[in-house]
$ cat entry_22.txt   # compact mmCIF, C-alpha atoms
# COMPACT_ATOMS: atom_id res chain seq x y z
CA MET Q 1 -26.53 -191.54 -180.80
CA ALA Q 2 -25.16 -188.09 -179.98
CA LEU Q 3 -24.18 -187.35 -176.39
CA ILE Q 4 -25.84 -184.50 -174.50
CA THR Q 5 -24.08 -183.39 -171.33
CA VAL Q 6 -26.35 -181.69 -168.80
CA ILE Q 7 -24.74 -179.22 -166.39
CA GLY Q 8 -26.96 -178.71 -163.36
CA ALA Q 9 -28.34 -182.21 -163.76
CA SER Q 10 -29.68 -182.76 -160.25
CA GLY Q 11 -31.84 -179.62 -160.17
CA ARG Q 12 -35.43 -179.40 -161.38
CA GLN Q 13 -34.41 -177.96 -164.74
CA GLY Q 14 -31.61 -180.42 -165.34
CA LEU Q 15 -33.85 -183.37 -164.50
CA ALA Q 16 -36.37 -182.25 -167.12
CA GLN Q 17 -33.58 -181.92 -169.69
CA ILE Q 18 -32.37 -185.45 -168.89
CA ARG Q 19 -35.90 -186.82 -169.10
CA GLN Q 20 -36.59 -185.27 -172.49
CA ALA Q 21 -33.16 -186.08 -173.94
CA LEU Q 22 -33.52 -189.75 -172.98
CA ALA Q 23 -37.04 -189.84 -174.40
CA ALA Q 24 -35.70 -188.43 -177.68
CA GLY Q 25 -33.10 -191.20 -177.85
CA TYR Q 26 -29.93 -189.29 -176.97
CA ASP Q 27 -27.12 -190.58 -174.80
CA VAL Q 28 -26.93 -188.44 -171.68
CA ARG Q 29 -24.17 -187.47 -169.27
CA ALA Q 30 -25.08 -185.74 -166.02
CA ILE Q 31 -22.69 -183.29 -164.38
CA SER Q 32 -22.78 -183.23 -160.60
CA ARG Q 33 -20.39 -183.15 -157.68
CA ARG Q 34 -22.38 -186.02 -156.14
CA PRO Q 35 -22.08 -189.52 -157.68
CA ASP Q 36 -25.57 -190.37 -156.35
CA ALA Q 37 -27.15 -187.21 -157.73
CA LEU Q 38 -29.80 -189.06 -159.79
CA GLU Q 39 -30.50 -191.87 -157.36
CA GLY Q 40 -34.27 -192.37 -157.17
CA ALA Q 41 -35.02 -189.86 -159.92
CA PRO Q 42 -38.38 -190.78 -161.53
CA ILE Q 43 -37.02 -190.84 -165.09
CA ASP Q 44 -37.27 -193.75 -167.52
CA GLY Q 45 -33.77 -194.90 -168.46
CA VAL Q 46 -32.00 -192.87 -165.77
CA ASP Q 47 -29.82 -195.90 -164.99
CA LYS Q 48 -28.14 -195.42 -168.39
CA VAL Q 49 -27.01 -191.87 -167.57
CA GLU Q 50 -23.30 -191.43 -166.95
CA ILE Q 51 -22.41 -189.10 -164.06
CA ARG Q 52 -19.19 -187.11 -164.02
CA PRO Q 53 -18.00 -184.64 -161.39
CA MET Q 54 -17.39 -180.98 -162.10
CA ASP Q 55 -17.10 -177.89 -159.93
CA LEU Q 56 -18.33 -174.73 -161.65
CA TYR Q 57 -15.96 -172.67 -159.53
CA ASP Q 58 -12.92 -174.75 -160.50
CA THR Q 59 -12.36 -174.49 -164.24
CA SER Q 60 -9.63 -177.14 -164.07
CA THR Q 61 -12.42 -179.72 -163.66
CA PHE Q 62 -14.25 -178.71 -166.86
CA LYS Q 63 -12.24 -180.55 -169.52
CA ASP Q 64 -12.51 -184.06 -168.04
CA ALA Q 65 -16.19 -183.55 -167.29
CA LEU Q 66 -17.15 -182.27 -170.74
CA GLU Q 67 -14.79 -184.19 -173.05
CA GLY Q 68 -16.63 -186.29 -175.63
CA SER Q 69 -19.82 -184.20 -175.52
CA ASP Q 70 -21.63 -183.47 -178.75
CA TYR Q 71 -23.91 -180.95 -177.05
CA ILE Q 72 -23.86 -179.21 -173.68
CA PHE Q 73 -27.02 -178.02 -171.88
CA TYR Q 74 -26.18 -175.38 -169.28
CA THR Q 75 -28.44 -173.95 -166.57
CA HIS Q 76 -27.00 -171.36 -164.20
CA PRO Q 77 -27.31 -172.17 -160.47
CA LEU Q 78 -30.09 -170.17 -158.81
CA GLN Q 79 -27.96 -169.17 -155.83
CA ALA Q 80 -25.03 -168.00 -158.02
CA ARG Q 81 -26.71 -164.80 -159.10
CA ALA Q 82 -23.78 -162.45 -159.66
CA ASP Q 83 -21.37 -164.37 -161.87
CA ARG Q 84 -23.43 -165.86 -164.68
CA ALA Q 85 -21.49 -164.12 -167.45
CA TYR Q 86 -18.16 -165.40 -166.17
CA LEU Q 87 -19.34 -169.00 -165.68
CA VAL Q 88 -21.12 -169.45 -169.01
CA GLY Q 89 -18.13 -167.86 -170.73
CA GLU Q 90 -15.76 -170.35 -169.10
CA VAL Q 91 -18.00 -173.27 -170.11
CA GLY Q 92 -18.00 -171.89 -173.64
CA LYS Q 93 -14.20 -171.65 -173.78
CA VAL Q 94 -13.77 -175.31 -172.83
CA ALA Q 95 -16.57 -176.35 -175.20
CA ALA Q 96 -14.82 -174.52 -178.05
CA HIS Q 97 -11.55 -176.26 -177.24
CA LEU Q 98 -13.33 -179.64 -177.27
CA ASP Q 99 -15.14 -178.92 -180.58
CA VAL Q 100 -18.58 -179.29 -178.99
CA LYS Q 101 -21.27 -178.83 -181.64
CA ARG Q 102 -23.49 -176.55 -179.56
CA VAL Q 103 -23.76 -175.08 -176.09
CA VAL Q 104 -27.42 -174.45 -175.23
CA TRP Q 105 -27.85 -172.07 -172.30
CA ASN Q 106 -31.17 -171.87 -170.48
CA THR Q 107 -30.99 -168.53 -168.64
CA SER Q 108 -34.08 -169.27 -166.48
CA SER Q 109 -35.17 -165.67 -166.96
CA TRP Q 110 -36.11 -163.10 -169.58
CA ILE Q 111 -33.52 -161.62 -171.95
CA PRO Q 112 -33.89 -157.87 -172.69
CA ASP Q 113 -33.47 -156.61 -176.24
CA LYS Q 114 -32.10 -153.23 -175.16
CA PRO Q 115 -30.11 -151.90 -172.19
CA GLY Q 116 -31.66 -150.63 -168.99
CA ASP Q 117 -33.12 -153.70 -167.29
CA ALA Q 118 -31.56 -154.71 -164.02
CA PHE Q 119 -30.92 -157.88 -162.00
CA THR Q 120 -30.37 -161.18 -163.84
CA TYR Q 121 -31.74 -159.57 -166.99
CA ALA Q 122 -28.65 -157.43 -167.45
CA GLY Q 123 -26.60 -160.47 -166.44
CA ASN Q 124 -28.19 -162.45 -169.24
CA THR Q 125 -27.07 -159.89 -171.80
CA ALA Q 126 -23.53 -159.98 -170.43
CA GLY Q 127 -23.64 -163.78 -170.39
CA ILE Q 128 -24.74 -164.01 -174.01
CA ASN Q 129 -21.85 -161.76 -175.01
CA ALA Q 130 -19.44 -163.94 -173.01
CA LEU Q 131 -20.73 -167.10 -174.68
CA TRP Q 132 -20.45 -165.63 -178.18
CA ARG Q 133 -16.91 -164.43 -177.47
CA SER Q 134 -15.87 -167.84 -176.11
CA GLY Q 135 -15.77 -169.29 -179.61
CA ALA Q 136 -18.31 -172.04 -178.87
CA PRO Q 137 -21.35 -172.43 -181.13
CA GLY Q 138 -24.18 -171.30 -178.85
CA THR Q 139 -27.94 -171.02 -178.52
CA VAL Q 140 -29.61 -169.18 -175.64
CA PHE Q 141 -33.18 -169.42 -174.37
CA GLY Q 142 -34.73 -166.95 -171.95
CA SER Q 143 -37.35 -169.09 -170.21
CA VAL Q 144 -39.42 -166.63 -168.23
CA LEU Q 145 -41.41 -168.43 -165.48
CA PHE Q 146 -41.80 -172.12 -164.64
CA MET Q 147 -44.98 -174.02 -163.88
CA ASP Q 148 -42.82 -176.41 -161.88
CA ASN Q 149 -42.21 -173.64 -159.34
CA LEU Q 150 -45.65 -174.47 -158.00
CA LEU Q 151 -44.35 -177.87 -156.80
CA THR Q 152 -41.54 -176.44 -154.69
CA GLY Q 153 -41.26 -175.99 -150.95
CA TRP Q 154 -42.05 -172.28 -151.22
CA ALA Q 155 -45.35 -172.75 -153.14
CA ARG Q 156 -46.80 -176.26 -152.88
CA PRO Q 157 -47.43 -176.41 -149.07
CA PHE Q 158 -49.72 -173.37 -149.27
CA ILE Q 159 -51.62 -174.85 -152.22
CA VAL Q 160 -52.04 -178.34 -150.78
CA ASN Q 161 -52.28 -177.70 -147.06
CA GLU Q 162 -53.85 -174.25 -146.84
CA ASN Q 163 -55.79 -173.96 -150.12
CA ARG Q 164 -53.88 -170.79 -151.01
CA TYR Q 165 -51.93 -169.90 -154.13
CA VAL Q 166 -49.20 -167.66 -152.73
CA TYR Q 167 -46.96 -165.84 -155.20
CA PRO Q 168 -45.58 -162.27 -155.35
CA HIS Q 169 -47.31 -161.24 -158.58
CA ASN Q 170 -49.64 -158.28 -158.48
CA PRO Q 171 -53.18 -159.22 -159.61
CA THR Q 172 -52.79 -157.71 -163.08
CA LEU Q 173 -49.31 -159.09 -163.88
CA GLU Q 174 -49.46 -161.32 -166.98
CA ALA Q 175 -47.10 -164.26 -167.38
CA ASN Q 176 -46.47 -166.97 -169.96
CA TRP Q 177 -45.79 -169.81 -167.51
CA ILE Q 178 -43.88 -172.68 -169.18
CA SER Q 179 -43.24 -176.22 -167.99
CA LEU Q 180 -39.64 -177.31 -167.54
CA ASP Q 181 -40.26 -180.23 -169.90
CA ASP Q 182 -41.25 -177.75 -172.60
CA VAL Q 183 -38.09 -175.72 -171.94
CA ALA Q 184 -36.14 -178.92 -172.52
CA ARG Q 185 -38.09 -179.57 -175.73
CA PHE Q 186 -37.05 -176.16 -177.05
CA MET Q 187 -33.43 -176.89 -176.18
CA LEU Q 188 -33.56 -180.23 -177.99
CA ALA Q 189 -35.33 -178.76 -181.02
CA SER Q 190 -32.59 -176.15 -181.40
CA ILE Q 191 -29.48 -178.31 -181.54
CA GLU Q 192 -29.85 -179.42 -185.16
CA ARG Q 193 -31.06 -176.00 -186.30
CA PRO Q 194 -28.26 -173.98 -187.97
CA ASP Q 195 -30.42 -170.84 -187.76
CA MET Q 196 -30.32 -171.10 -183.95
CA GLU Q 197 -26.53 -171.06 -183.76
CA GLY Q 198 -25.52 -167.66 -182.45
CA ALA Q 199 -29.14 -166.84 -181.62
CA TRP Q 200 -31.21 -166.17 -178.51
CA LEU Q 201 -34.95 -166.31 -177.96
CA ASN Q 202 -37.31 -165.64 -175.06
CA ILE Q 203 -39.74 -168.53 -174.60
CA GLY Q 204 -42.87 -169.12 -172.56
CA GLY Q 205 -45.96 -171.27 -172.44
CA PRO Q 206 -48.94 -170.96 -174.79
CA GLU Q 207 -51.10 -168.81 -172.46
CA ARG Q 208 -50.60 -165.42 -170.84
CA LEU Q 209 -52.19 -165.73 -167.40
CA VAL Q 210 -52.88 -163.52 -164.39
CA GLY Q 211 -52.99 -164.83 -160.81
CA LYS Q 212 -56.70 -165.65 -160.69
CA GLN Q 213 -56.42 -167.77 -163.83
CA VAL Q 214 -53.52 -169.76 -162.33
CA THR Q 215 -55.62 -170.22 -159.20
CA GLN Q 216 -58.53 -171.59 -161.23
CA CYS Q 217 -56.26 -174.16 -162.90
CA LEU Q 218 -55.00 -175.29 -159.50
CA ALA Q 219 -58.54 -175.52 -158.11
CA GLU Q 220 -59.69 -177.67 -161.03
CA ALA Q 221 -56.67 -179.96 -160.81
CA LEU Q 222 -56.92 -180.50 -157.05
CA GLY Q 223 -60.72 -180.55 -156.96
CA LYS Q 224 -61.14 -177.95 -154.23
CA ASP Q 225 -61.53 -174.23 -153.71
CA ILE Q 226 -58.23 -172.36 -153.71
CA LYS Q 227 -57.77 -168.67 -152.91
CA TYR Q 228 -55.40 -166.40 -154.78
CA ASP Q 229 -53.27 -164.82 -152.05
CA PRO Q 230 -50.49 -162.67 -153.54
CA CYS Q 231 -47.72 -162.17 -151.02
CA THR Q 232 -45.38 -159.22 -150.99
CA PRO Q 233 -41.95 -159.55 -152.64
CA GLU Q 234 -40.43 -159.18 -149.16
CA GLU Q 235 -42.45 -162.16 -147.88
CA PHE Q 236 -41.51 -164.17 -150.97
CA GLY Q 237 -37.81 -163.60 -150.36
CA ARG Q 238 -38.19 -165.08 -146.89
CA LEU Q 239 -40.17 -168.02 -148.26
CA LEU Q 240 -37.40 -168.91 -150.70
CA VAL Q 241 -34.72 -168.68 -148.03
CA ASN Q 242 -36.74 -170.90 -145.70
CA ALA Q 243 -37.32 -173.43 -148.49
CA ALA Q 244 -33.59 -173.52 -149.22
CA GLY Q 245 -32.90 -174.70 -145.67
CA ASP Q 246 -29.37 -175.86 -145.00
CA SER Q 247 -28.47 -175.75 -148.70
CA MET Q 248 -28.00 -171.99 -148.37
CA PRO Q 249 -25.18 -170.75 -146.13
CA ALA Q 250 -26.40 -168.70 -143.18
CA GLU Q 251 -24.28 -165.70 -144.19
CA ALA Q 252 -25.95 -165.60 -147.63
CA ARG Q 253 -29.57 -165.78 -146.54
CA GLU Q 254 -30.31 -162.13 -145.82
CA GLU Q 255 -28.69 -160.87 -149.01
CA PHE Q 256 -30.46 -163.52 -151.11
CA ALA Q 257 -33.87 -162.65 -149.60
CA LYS Q 258 -33.34 -158.94 -150.27
CA GLY Q 259 -32.28 -159.73 -153.83
CA ILE Q 260 -35.46 -161.73 -154.47
CA GLN Q 261 -37.53 -158.94 -152.93
CA ALA Q 262 -36.00 -156.30 -155.21
CA PHE Q 263 -36.31 -158.61 -158.23
CA TYR Q 264 -40.06 -159.08 -157.81
CA GLU Q 265 -40.73 -155.46 -156.91
CA TYR Q 266 -39.13 -154.69 -160.27
CA ASN Q 267 -41.07 -157.39 -162.14
CA ASN Q 268 -44.40 -156.15 -160.81
CA THR Q 269 -43.93 -152.68 -162.29
CA ALA Q 270 -41.41 -153.00 -165.15
CA PRO Q 271 -42.81 -151.57 -168.41
CA THR Q 272 -40.90 -154.25 -170.34
CA LYS Q 273 -43.11 -156.97 -168.74
CA PRO Q 274 -40.37 -159.60 -168.24
CA PHE Q 275 -42.83 -162.48 -167.72
CA ALA Q 276 -44.77 -161.87 -170.95
CA VAL Q 277 -43.60 -163.51 -174.18
CA ASP Q 278 -44.52 -162.81 -177.81
CA MET Q 279 -45.55 -166.36 -178.63
CA ASP Q 280 -46.42 -165.51 -182.22
CA HIS Q 281 -42.73 -164.76 -182.74
CA VAL Q 282 -41.74 -167.94 -180.89
CA TYR Q 283 -43.92 -170.05 -183.16
CA GLU Q 284 -42.47 -168.34 -186.22
CA ARG Q 285 -39.06 -169.58 -185.06
CA PHE Q 286 -40.27 -173.01 -183.89
CA PRO Q 287 -43.39 -173.91 -185.88
CA GLU Q 288 -42.87 -177.57 -184.99
CA LEU Q 289 -43.78 -176.80 -181.36
CA GLU Q 290 -46.95 -174.80 -182.00
CA GLY Q 291 -49.92 -176.61 -180.47
CA LYS Q 292 -47.64 -178.96 -178.54
CA LEU Q 293 -46.76 -176.85 -175.48
CA GLU Q 294 -48.49 -177.63 -172.20
CA THR Q 295 -51.15 -175.26 -170.90
CA MET Q 296 -51.33 -174.56 -167.17
CA GLY Q 297 -54.57 -176.55 -166.96
CA GLU Q 298 -53.00 -179.57 -168.66
CA TRP Q 299 -49.83 -179.39 -166.59
CA THR Q 300 -51.54 -179.05 -163.19
CA LYS Q 301 -53.73 -182.10 -163.85
CA LYS Q 302 -50.69 -184.26 -164.70
CA GLN Q 303 -48.74 -183.53 -161.50
CA ASP Q 304 -48.47 -185.56 -158.32
CA TRP Q 305 -49.47 -183.05 -155.64
CA GLY Q 306 -48.95 -185.57 -152.82
CA GLU Q 307 -45.95 -186.10 -150.58
CA SER Q 308 -43.20 -187.23 -152.93
CA ASN Q 309 -39.85 -188.65 -151.87
CA TYR Q 310 -38.30 -186.91 -154.88
CA ARG Q 311 -39.54 -183.35 -154.78
CA PRO Q 312 -36.86 -180.65 -154.84
CA ALA Q 313 -37.69 -178.14 -152.12
CA PHE Q 314 -35.85 -175.21 -153.60
CA GLY Q 315 -33.68 -175.22 -156.72
$ encode --input "entry_22.txt" --output "structure tokens"
Amino acid sequence: MALITVIGASGRQGLAQIRQALAAGYDVRAISRRPDALEGAPIDGVDKVEIRPMDLYDTSTFKDALEGSDYIFYTHPLQARADRAYLVGEVGKVAAHLDVKRVVWNTSSWIPDKPGDAFTYAGNTAGINALWRSGAPGTVFGSVLFMDNLLTGWARPFIVNENRYVYPHNPTLEANWISLDDVARFMLASIERPDMEGAWLNIGGPERLVGKQVTQCLAEALGKDIKYDPCTPEEFGRLLVNAAGDSMPAEAREEFAKGIQAFYEYNNTAPTKPFAVDMDHVYERFPELEGKLETMGEWTKKQDWGESNYRPAFG
């Protein structure tokens, strides 16, 4: 079976990609600087995953890590906000040299279709250009907002312990929340599709929800009253930094928090509505996934909301 190499394998997004690739019957290689990166991961068949080291900031490590890959799944590190175009371009150059069949980049955020949008959105445009120019066959997905965020250390404790859904969305902001497993399903569906080579697509879940609707799904799943309590973007920046704990260097914390604050202040008012996805267009491109994507109500009821020994706090 073809080999899929997952860069960013130990994060929430990479774990979902590994889970779905194994379930689809692919051989999987995980890229991580830690040989025990997948130890204890609740994934069927995880013991069959090969782990190879690679340092994204040392391109000399790329060739040995990626050699033999049929496909590469790339997710940009959350804390490396400023250099996404450079890094995905460097991955693409090595992939082209190794004759990889496809590099699939999950941007973890919306992709604008015209200039003028700031933050990671402009970085996504630059990154797509860098990937195309690298010579590697590429596919890019702009996945806009993850249901799995609700399980992290910045969101779950409020939901479970305080009966509050705390998120920096204004009450009227609409978002097509998508599960990370569905993001991985899109990535897998694209690799044998010649029409998706050299293409990008924004993707989301099947519903466009506002905060009170998300709250209702959480209340039904947990069987208790939950209050929608939108925090300010400034408060949210601090929550993310606190959830990161020691994984974020002390000197980076203030800048990161301010960046998150500015990002969500922008999202709450941007006329381009970066969290809303035209799902009719998505289904035109991927008709095989219509009716198969998880709703927020379905996803929340499937999750373990208890104290897990394998629950990423941050990334």
$ residues_around --input "entry_22.txt" --residues "range 130-135 of chain Q" --least-positions-apart "3" --cutoff "6 Å" --atoms "only C-alpha atoms" --output "PyMOL selection string"
chain Q and resi 85+89+92-93+96+127
$ write_last_selection --input "entry_22.txt" --atoms "C-alpha atoms" --output "JSON list (two decimals), in the coordinates of the input"
[["chain", "number", "residue", "atom", "x", "y", "z"],
["Q", 85, "ALA", "CA", -21.49, -164.12, -167.45],
["Q", 89, "GLY", "CA", -18.13, -167.86, -170.73],
["Q", 92, "GLY", "CA", -18.00, -171.89, -173.64],
["Q", 93, "LYS", "CA", -14.20, -171.65, -173.78],
["Q", 96, "ALA", "CA", -14.82, -174.52, -178.05],
["Q", 127, "GLY", "CA", -23.64, -163.78, -170.39]]
$ residues_around --input "entry_22.txt" --residues "Ala276 in chain Q" --least-positions-apart "5" --cutoff "8 Å" --atoms "all atoms listed in the file" --output "number ranges by chain"
Q: 144, 174-176, 204, 208
$ residues_around --input "entry_22.txt" --residues "Tyr121 in chain Q" --least-positions-apart "3" --cutoff "6 Å" --atoms "only C-alpha atoms" --output "NGL selection string"
:Q and (111 or 118 or 124)
$ atom_distance --input "entry_22.txt" --atom1 "CA of Val100 in chain Q" --atom2 "CA of Tyr71 in chain Q"
5.9 Å
$ residues_around --input "entry_22.txt" --residues "range 72-74 of chain Q" --least-positions-apart "4" --cutoff "8 Å" --atoms "all atoms listed in the file" --output "ChimeraX atom specification"
/Q:4-8,17,66,88,95,100,102-106,187
$ closest_atom_pairs --input "entry_22.txt" --of "range 87-190 of chain Q" --to "range 289-293 of chain Q" --cutoff "9 Å" --atoms "all atoms listed in the file" --output "JSON lines"
{"residue": "Q:Ile178", "atom": "CA", "partner": "Q:Leu293", "partner_atom": "CA", "distance": 8.1}
{"residue": "Q:Ser179", "atom": "CA", "partner": "Q:Leu293", "partner_atom": "CA", "distance": 8.3}
{"residue": "Q:Asp182", "atom": "CA", "partner": "Q:Leu293", "partner_atom": "CA", "distance": 6.3}
{"residue": "Q:Arg185", "atom": "CA", "partner": "Q:Leu289", "partner_atom": "CA", "distance": 8.5}
{"residue": "Q:Phe186", "atom": "CA", "partner": "Q:Leu289", "partner_atom": "CA", "distance": 8.0}
{"residue": "Q:Ala189", "atom": "CA", "partner": "Q:Leu289", "partner_atom": "CA", "distance": 8.7}
$ write_last_selection --input "entry_22.txt" --atoms "C-alpha atoms" --output "short mmCIF file (atom, residue, chain, number, x, y, z; two decimals), keeping the file's coordinate frame"
data_model
loop_
_atom_site.label_atom_id
_atom_site.label_comp_id
_atom_site.auth_asym_id
_atom_site.auth_seq_id
_atom_site.Cartn_x
_atom_site.Cartn_y
_atom_site.Cartn_z
CA ILE Q 178 -43.88 -172.68 -169.18
CA SER Q 179 -43.24 -176.22 -167.99
CA ASP Q 182 -41.25 -177.75 -172.60
CA ARG Q 185 -38.09 -179.57 -175.73
CA PHE Q 186 -37.05 -176.16 -177.05
CA ALA Q 189 -35.33 -178.76 -181.02
#
$ closest_residue --input "entry_22.txt" --among "Q:Arg52, Q:His281, Q:Lys227, Q:His169" --to "Phe263 in chain Q" --atoms "all atoms listed in the file"
Q:His169
$ atom_distance --input "entry_22.txt" --atom1 "CA of Val166 in chain Q" --atom2 "CA of Phe236 in chain Q"
8.6 Å
$ residues_near_point --input "entry_22.txt" --point "(-39.9, -162.2, -148.3)" --cutoff "12 Å" --atoms "all atoms listed in the file" --output "ChimeraX atom specification"
/Q:154,166-168,230-243,253-265
$ closest_residue --input "entry_22.txt" --among "Q:Val140, Q:Ile18, Q:Leu151, Q:Ile191" --to "Gly45 in chain Q" --atoms "all atoms listed in the file"
Q:Ile18
$ atom_distance --input "entry_22.txt" --atom1 "CA of Thr61 in chain Q" --atom2 "CA of Pro249 in chain Q"
23.5 Å
$ closest_residue --input "entry_22.txt" --among "Q:Leu15, Q:Leu87, Q:Leu173, Q:Ala24" --to "Leu209 in chain Q" --atoms "all atoms listed in the file"
Q:Leu173
$ residues_around --input "entry_22.txt" --residues "range 298-306 of chain Q" --least-positions-apart "3" --cutoff "10 Å" --atoms "only C-alpha atoms" --output "ChimeraX atom specification"
/Q:147-148,150-151,156-157,159-160,178-179,214,217-223,293-295,309,311
$ residues_near_point --input "entry_22.txt" --point "(-51.5, -161.6, -159.6)" --cutoff "6 Å" --atoms "all atoms listed in the file" --output "PyMOL selection string"
chain Q and resi 169-173+210-211
$ closest_residue --input "entry_22.txt" --among "Q:Arg285, Q:Arg12, Q:Lys114, Q:Lys212" --to "Pro77 in chain Q" --atoms "all atoms listed in the file"
Q:Arg12
